[in-house]
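Following: one structure in structure tokens, then a few remarks.
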Amino acid sequence: MSGPSKVFVSVAEALALIEVNLPSPGRISMPLSRAAGRVLAEEIVAKESLPAFSNSAMDGYALRAAEVAGACAENPVELPLAGEIAAGEMPPATWPTGTCLRILTGAPIPADCEGVVPVEETQEVEGGVRFYADLIATGSNIRPSGEDVKAGARLLAPGHLVGPAEIALLAAQGITELEVTRRPRVGFLATGDELLAAHEAPRPGAIRNSNTPMILAMLADLGIEGVDLGVAPDNEESLATLLASALADVDLLLTSGGVSAGRYDLVGKVLEDLGAKWVFHKIAQQPGKPLAFLTWMDKPVFGLPGNPVSGFFTFWYYVAPALRKMMGQTDAHPRHVMAKLRGEIAGKPEKSFFGRAYTRWVGDAYEAEPRPPHGSHVLSTLTDANSFIILPTGTGKLEEGAEVRVAFF
Ligand code: AMP
Ligand code: MG
């Protein structure tokens with residue numbers, strides 16, 4: 001075993017090394033109705049203007065501006081009613097001067113019409129309509145054709161995540177089929193002789209396998225149905241057999257445990273024996289220092305640390321963005337905000353420190369309240385938190401009110 005050449009890299013270096021070792025996404029076509037959560041693989045150009053025709057923004061009366069000019073509560077103006085245009089109907093080609101037309105929201109604006117006075121400013125009377133306001137007071141209430149989208153305009157770029165707003169915009173264009181990226185096949189193999197499944201009876205010295213359900217849930221959050229590859233014991237032959245078939249089967253492989261410095265930490269060595277190439281091992285950070293990253297035939301392989309919070313953190317901060325990028329998503333990393341520290345927290349001399357916290361908007365700023373203990377094995381404070389406070393290498397003790405960078409998970 002030659003081992004990794006890059007050991008104990010910085011957080012920024014790790015992110016950059018992962019980024020340059022990701023395969024590019026494949027593409028498939030998908031009905032719009034099933035595209036939520038997918039990433040666009042094509043550019044979308046507007047086929048039609050939106051609104052396609054000028055239409056009314058209000059229920060009210062379509063008229064020519066001069067004919068109600070100056071109308072107010074004390075001095076209403078009355079016009080005869082010449083007809084009605086409901087949404088979905090075509091307006092009359094002409095309508096007599098000195099009259100108005102009842103018009104409903106979304107109905108096409110008739111030729112000559114300069115605006116719509118909302119129904120709230122009017123009263124229908126025998127043979128006509130009384131106006132208590134004019135267009136200067138109420139605005140034109142016309143939605144001009146092409147105000148939202150102009151035919152031929154670029155609507156969405158490749159890499160854009162399709163959510164409900166995108167679905168609505170595309171449906172409004174009459175688009176029913178999209179080119180989106182493929183979701184990678186991701187396998188997860190837990191390792192450790194001590195591991196016990198949640199349904200098994202406890203035995204002395206055993207530790208329950210919480211990483212498998214956690215990682216499968218984190219994959220599901222990304223829209224990926226992970227492949228549960230079970231639990232590998234801590235011996236080279238079994239690991240080699242399981243890892244070899246896993247590598248052949250998936251697009252990206254995740255393991256947990258067996259990547260730190262113990263004598264049973266065999267994952268890196270066995271992967272290397274199977275032909276995987278090291279990219280880096282260990283990051284100057286807490287939690288998640290032992291993270292291993294290799295490639296096998298261009299497939300990314302992450303050796304996640306065994307400790308549950310390390311696994312959670314390294315998946316969220318490194319693996320999830322990598323998977324989003326493999327799916328072509330441009331906006332792939334967690335969002336960062338600045339927050340006021342509530343309480344105290346201390347960084348580490350030679351590592352980036354990610355301290356769990358509960359962050360919320362209070363008054364006019366985010367406030368982040370640390371949730372110690374921060375130990376890599378402590379799951380209960382993770383469920384109490386919604387974010388990590390990120391302290392760069394060498395940050396000393398910070399007091400109440402200090403400005404800190406926070407990322408939500
Ligand atoms: P390792 O890196 O294999 O030495 O594991 C570090 C710690 O994480 C040990 O306490 C393991 O028992 C624990 N651990 C490893 N895998 C899991 C898992 N799948 N679920 C829960 N804890 C685990
Ligand atoms: Mg282990």
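Residue numbering restarts at 1 in every chain; chains get A, B, ... in the order shown in the structure tokens, and ligands count up from 1 in that same order.
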
| Using only C-alpha atoms, which residues sit within 6 Å of Val231 (chain A) once same-chain residues fewer than 3 positions away are excluded, as a VMD selection string? | chain A and resid 189 to 191

| message | 8 Å from ligand 1 is the threshold here; counting only C-alpha atoms and all ligand atoms, which polymer residues fall inside it? Answer as a VMD selection string. | response | chain A and resid 190 to 192 194 to 195 206 to 212 231 256 to 262 264 to 265 290 305 to 308 377

| Can you list, as a ChimeraX atom specification, every protein, DNA or RNA residue that comes within 6 Å of region 50-55 of chain A when you count only C-alpha atoms, leaving out same-chain residues fewer than 3 positions away? | /A:106-109,142-146,148-149

| query | Residues at most 7 Å from Arg185 (chain A), counting only C-alpha atoms, excluding those fewer than 3 positions away in the same chain, as a PyMOL selection string? | reply | chain A and resi 226+250-252

| said: Quick check for you: according to DSSP on this backbone, which residues of region 45-181 of chain A are classed as strand (DSSP E or B)? Reply as a PyMOL selection string. | reply: chain A and resi 45+50+55-56+60-63+77-85+100-103+108+115-118+122-125+128-131+142-143+149+154-156+161+177-181

| said: What's around Tyr358 (chain A) at 7 Å? Count only C-alpha atoms, leave out sequence neighbours fewer than 6 positions away in its own chain, and write the answer as an MDAnalysis selection string. | reply: chainID A and resid 368:371 384:387

| task | Per DSSP on the backbone, filter region 215-346 of chain A down to the residues in alpha helix (DSSP H) and report them as a PyMOL selection string. | result | chain A and resi 215-221+236-249+267-273+308-314+320-326

| field | Distance query Ala86 (chain A) at most 8 Å, only C-alpha atoms, self and fewer than 2 positions along chain excluded, as a ChimeraX atom specification | value | /A:84,88-89,103-107

Put those residues in a file: N, CA and C atoms, as a compact mmCIF listing (two decimals), in the first residue's frame.
```txt
# COMPACT_ATOMS: atom_id res chain seq x y z
N GLU A 84 -70.41 41.92 -21.33
CA GLU A 84 -69.53 41.29 -20.33
C GLU A 84 -68.48 40.45 -21.03
N GLY A 88 -61.59 33.50 -20.48
CA GLY A 88 -61.76 32.43 -21.46
C GLY A 88 -62.60 32.84 -22.65
N GLU A 89 -63.27 34.01 -22.56
CA GLU A 89 -64.08 34.49 -23.70
C GLU A 89 -63.28 35.49 -24.52
N ILE A 103 -65.92 43.10 -16.87
CA ILE A 103 -64.78 42.23 -17.24
C ILE A 103 -64.32 41.49 -15.99
N LEU A 104 -63.96 40.21 -16.17
CA LEU A 104 -63.53 39.39 -15.04
C LEU A 104 -62.02 39.18 -15.10
N THR A 105 -61.41 38.90 -13.97
CA THR A 105 -59.95 38.73 -13.89
C THR A 105 -59.48 37.69 -14.90
N GLY A 106 -58.47 38.05 -15.69
CA GLY A 106 -57.91 37.13 -16.68
C GLY A 106 -58.57 37.22 -18.04
N ALA A 107 -59.69 37.95 -18.14
CA ALA A 107 -60.37 38.08 -19.44
C ALA A 107 -59.58 39.03 -20.34
```

| Of the candidates A:Gly355, A:Leu294, A:Asp234, A:Lys289, which one gets nearest to ligand 2 if we count only C-alpha atoms and all ligand atoms? |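 Closest residue, counting only C-alpha atoms and all ligand atoms: A:Asp234.
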
What's around Leu155 (chain A) at 10 Å? Count only C-alpha atoms, leave out sequence neighbours fewer than 3 positions away in its own chain, and write the answer as a PDB file with N, CA, C and O atoms, in the first residue's frame.
```pdb
ATOM      1  N   GLU A  43     -31.399  24.051 -21.757  1.00  0.00           N
ATOM      2  CA  GLU A  43     -31.830  25.436 -21.601  1.00  0.00           C
ATOM      3  C   GLU A  43     -33.278  25.539 -22.055  1.00  0.00           C
ATOM      4  O   GLU A  43     -33.661  24.943 -23.058  1.00  0.00           O
ATOM      5  N   ILE A  44     -34.088  26.274 -21.297  1.00  0.00           N
ATOM      6  CA  ILE A  44     -35.489  26.445 -21.679  1.00  0.00           C
ATOM      7  C   ILE A  44     -35.679  27.859 -22.224  1.00  0.00           C
ATOM      8  O   ILE A  44     -35.395  28.844 -21.537  1.00  0.00           O
ATOM      9  N   VAL A  45     -36.145  27.924 -23.486  1.00  0.00           N
ATOM     10  CA  VAL A  45     -36.430  29.208 -24.132  1.00  0.00           C
ATOM     11  C   VAL A  45     -37.944  29.338 -24.255  1.00  0.00           C
ATOM     12  O   VAL A  45     -38.623  28.361 -24.590  1.00  0.00           O
ATOM     13  N   ALA A  46     -38.452  30.525 -23.955  1.00  0.00           N
ATOM     14  CA  ALA A  46     -39.907  30.726 -23.973  1.00  0.00           C
ATOM     15  C   ALA A  46     -40.454  30.550 -25.385  1.00  0.00           C
ATOM     16  O   ALA A  46     -39.970  31.164 -26.333  1.00  0.00           O
ATOM     17  N   LYS A  47     -41.458  29.675 -25.494  1.00  0.00           N
ATOM     18  CA  LYS A  47     -42.118  29.472 -26.789  1.00  0.00           C
ATOM     19  C   LYS A  47     -43.212  30.515 -26.989  1.00  0.00           C
ATOM     20  O   LYS A  47     -43.562  30.859 -28.094  1.00  0.00           O
ATOM     21  N   VAL A 149     -43.162  37.101 -19.367  1.00  0.00           N
ATOM     22  CA  VAL A 149     -42.198  36.392 -20.216  1.00  0.00           C
ATOM     23  C   VAL A 149     -42.387  36.848 -21.649  1.00  0.00           C
ATOM     24  O   VAL A 149     -43.528  36.922 -22.124  1.00  0.00           O
ATOM     25  N   LYS A 150     -41.268  37.125 -22.337  1.00  0.00           N
ATOM     26  CA  LYS A 150     -41.361  37.457 -23.773  1.00  0.00           C
ATOM     27  C   LYS A 150     -40.957  36.228 -24.581  1.00  0.00           C
ATOM     28  O   LYS A 150     -39.949  35.581 -24.261  1.00  0.00           O
ATOM     29  N   ALA A 151     -41.743  35.882 -25.583  1.00  0.00           N
ATOM     30  CA  ALA A 151     -41.415  34.740 -26.451  1.00  0.00           C
ATOM     31  C   ALA A 151     -39.980  34.882 -26.934  1.00  0.00           C
ATOM     32  O   ALA A 151     -39.550  35.968 -27.308  1.00  0.00           O
ATOM     33  N   GLY A 152     -39.214  33.784 -26.837  1.00  0.00           N
ATOM     34  CA  GLY A 152     -37.815  33.812 -27.282  1.00  0.00           C
ATOM     35  C   GLY A 152     -36.827  34.099 -26.162  1.00  0.00           C
ATOM     36  O   GLY A 152     -35.626  33.916 -26.335  1.00  0.00           O
ATOM     37  N   GLU A 166     -40.819  26.464 -10.854  1.00  0.00           N
ATOM     38  CA  GLU A 166     -40.378  26.112 -12.209  1.00  0.00           C
ATOM     39  C   GLU A 166     -41.452  25.288 -12.924  1.00  0.00           C
ATOM     40  O   GLU A 166     -41.705  25.474 -14.106  1.00  0.00           O
ATOM     41  N   LEU A 169     -44.058  27.673 -14.143  1.00  0.00           N
ATOM     42  CA  LEU A 169     -43.588  28.462 -15.287  1.00  0.00           C
ATOM     43  C   LEU A 169     -43.572  27.618 -16.566  1.00  0.00           C
ATOM     44  O   LEU A 169     -43.985  28.077 -17.633  1.00  0.00           O
ATOM     45  N   LEU A 170     -43.118  26.369 -16.441  1.00  0.00           N
ATOM     46  CA  LEU A 170     -43.028  25.500 -17.617  1.00  0.00           C
ATOM     47  C   LEU A 170     -44.418  25.064 -18.070  1.00  0.00           C
ATOM     48  O   LEU A 170     -44.702  25.009 -19.269  1.00  0.00           O
TER      49      LEU A 170
END
```

| message | Please determine, counting only C-alpha atoms and all ligand atoms, which residue among A:Thr314, A:Thr295, A:Asn235, A:Thr395 has the shortest atom-to-atom distance to ligand 2. | response |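 Counting only C-alpha atoms and all ligand atoms, the residue closest to ligand 2 is A:Asn235.
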
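Going from CA of Asn141 (chain A) over to CA of Ile175 (chain A), you cover 28.4 Å.
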
| Using only C-alpha atoms and all ligand atoms, which residue out of A:Val362, A:Ala232, A:Leu398, A:Val227 lies closest to ligand 2? | A:Ala232

| Of the listed residues A:Gly127, A:Pro184, A:Gly303, A:Gly343, that which approaches Gly223 (chain A) most closely, counting only C-alpha atoms |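 So, comparing all the options, the nearest one is A:Pro184.
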
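The coordinates place CA of Asp273 (chain A) at 27.3 Å from CA of Phe312 (chain A).
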
| field | Atom-to-atom span, CA of Val7 (chain A) and CA of Gln285 (chain A), Å | value |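 These atoms are spaced 12.3 Å apart.
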